[in-house]
Amino acid sequence: MDTCFVTPLAASQVSHDKYGTELIVMEGGISVGDVCEAYAHHGYNGIEKETAEAIKSWVRRGELANQ
């Protein structure tokens, strides 16, 4: 779980609830060092491929909705 105090999961949930935006929550990975840096959960360390696939899928869904 990303423990960065600047971008808490709770803030994403509030935006999702308020604006109806899609919320993609990634789980897993490895956290090493500063919680706000790339080698922690904040940088999707250890789940980069899964995260990129989730983002690509989200983009594709948006593209299909706009056709």
# chains A, B, ... in the order shown; residues from 1 in each chain; ligands from 1

$ residues_around --residues "range 23-32 of chain A" --least-positions-apart "4" --cutoff "7 Å" --atoms "only C-alpha atoms" --output "list in words"
Met1, His16, Tyr39, Ala40, His41, Tyr44, Asn45, Gly46, Ile47 and Thr51 of chain A

$ closest_residue --among "A:Cys4, A:Leu9, A:Glu22, A:Ser15" --to "Ala54 in chain A" --atoms "only C-alpha atoms"
A:Glu22

$ atom_distance --atom1 "CA of Ala52 in chain A" --atom2 "CA of Thr21 in chain A"
18.6 Å

$ residues_around --residues "Thr3 in chain A" --least-positions-apart "3" --cutoff "9 Å" --atoms "only C-alpha atoms" --output "VMD selection string"
chain A and resid 6 to 9 35 to 36 41 to 42

$ decode --residues "range 9-31 of chain A" --atoms "N, CA and C atoms" --output "compact mmCIF listing (two decimals), in the first residue's frame"
# COMPACT_ATOMS: atom_id res chain seq x y z
N LEU A 9 -4.62 7.03 -0.83
CA LEU A 9 -5.68 6.33 -1.54
C LEU A 9 -7.04 6.95 -1.22
N ALA A 10 -7.22 7.40 0.00
CA ALA A 10 -8.50 7.99 0.40
C ALA A 10 -8.86 9.19 -0.48
N ALA A 11 -7.88 9.97 -0.90
CA ALA A 11 -8.14 11.12 -1.77
C ALA A 11 -8.64 10.66 -3.14
N SER A 12 -8.08 9.57 -3.63
CA SER A 12 -8.54 9.02 -4.91
C SER A 12 -9.97 8.53 -4.79
N GLN A 13 -10.28 7.91 -3.68
CA GLN A 13 -11.64 7.41 -3.44
C GLN A 13 -12.63 8.58 -3.39
N VAL A 14 -12.25 9.67 -2.75
CA VAL A 14 -13.13 10.85 -2.68
C VAL A 14 -13.38 11.40 -4.08
N SER A 15 -12.34 11.52 -4.90
CA SER A 15 -12.50 12.01 -6.28
C SER A 15 -13.39 11.06 -7.08
N HIS A 16 -13.16 9.77 -6.92
CA HIS A 16 -13.97 8.77 -7.62
C HIS A 16 -15.45 8.93 -7.24
N ASP A 17 -15.72 9.06 -5.97
CA ASP A 17 -17.10 9.20 -5.51
C ASP A 17 -17.72 10.51 -5.97
N LYS A 18 -16.95 11.59 -5.91
CA LYS A 18 -17.47 12.92 -6.25
C LYS A 18 -17.69 13.10 -7.74
N TYR A 19 -16.74 12.64 -8.56
CA TYR A 19 -16.80 12.91 -10.00
C TYR A 19 -17.19 11.70 -10.84
N GLY A 20 -17.29 10.54 -10.23
CA GLY A 20 -17.66 9.34 -10.97
C GLY A 20 -16.57 8.82 -11.89
N THR A 21 -15.35 9.22 -11.63
CA THR A 21 -14.22 8.76 -12.43
C THR A 21 -13.88 7.32 -12.08
N GLU A 22 -13.26 6.64 -13.02
CA GLU A 22 -12.85 5.27 -12.76
C GLU A 22 -11.71 5.27 -11.75
N LEU A 23 -11.73 4.30 -10.86
CA LEU A 23 -10.68 4.17 -9.86
C LEU A 23 -9.98 2.84 -10.08
N ILE A 24 -8.71 2.90 -10.38
CA ILE A 24 -7.90 1.70 -10.57
C ILE A 24 -6.95 1.61 -9.38
N VAL A 25 -7.10 0.56 -8.60
CA VAL A 25 -6.26 0.37 -7.42
C VAL A 25 -5.33 -0.81 -7.69
N MET A 26 -4.05 -0.57 -7.58
CA MET A 26 -3.05 -1.61 -7.78
C MET A 26 -2.60 -2.13 -6.42
N GLU A 27 -2.40 -3.42 -6.33
CA GLU A 27 -1.94 -4.03 -5.09
C GLU A 27 -0.67 -4.82 -5.35
N GLY A 28 0.16 -4.91 -4.32
CA GLY A 28 1.39 -5.69 -4.43
C GLY A 28 2.59 -4.80 -4.66
N GLY A 29 3.65 -5.42 -5.07
CA GLY A 29 4.88 -4.69 -5.32
C GLY A 29 5.81 -4.72 -4.12
N ILE A 30 6.85 -3.93 -4.25
CA ILE A 30 7.92 -3.90 -3.26
C ILE A 30 8.16 -2.45 -2.86
N SER A 31 8.29 -2.19 -1.57
CA SER A 31 8.55 -0.84 -1.11
C SER A 31 9.94 -0.77 -0.49
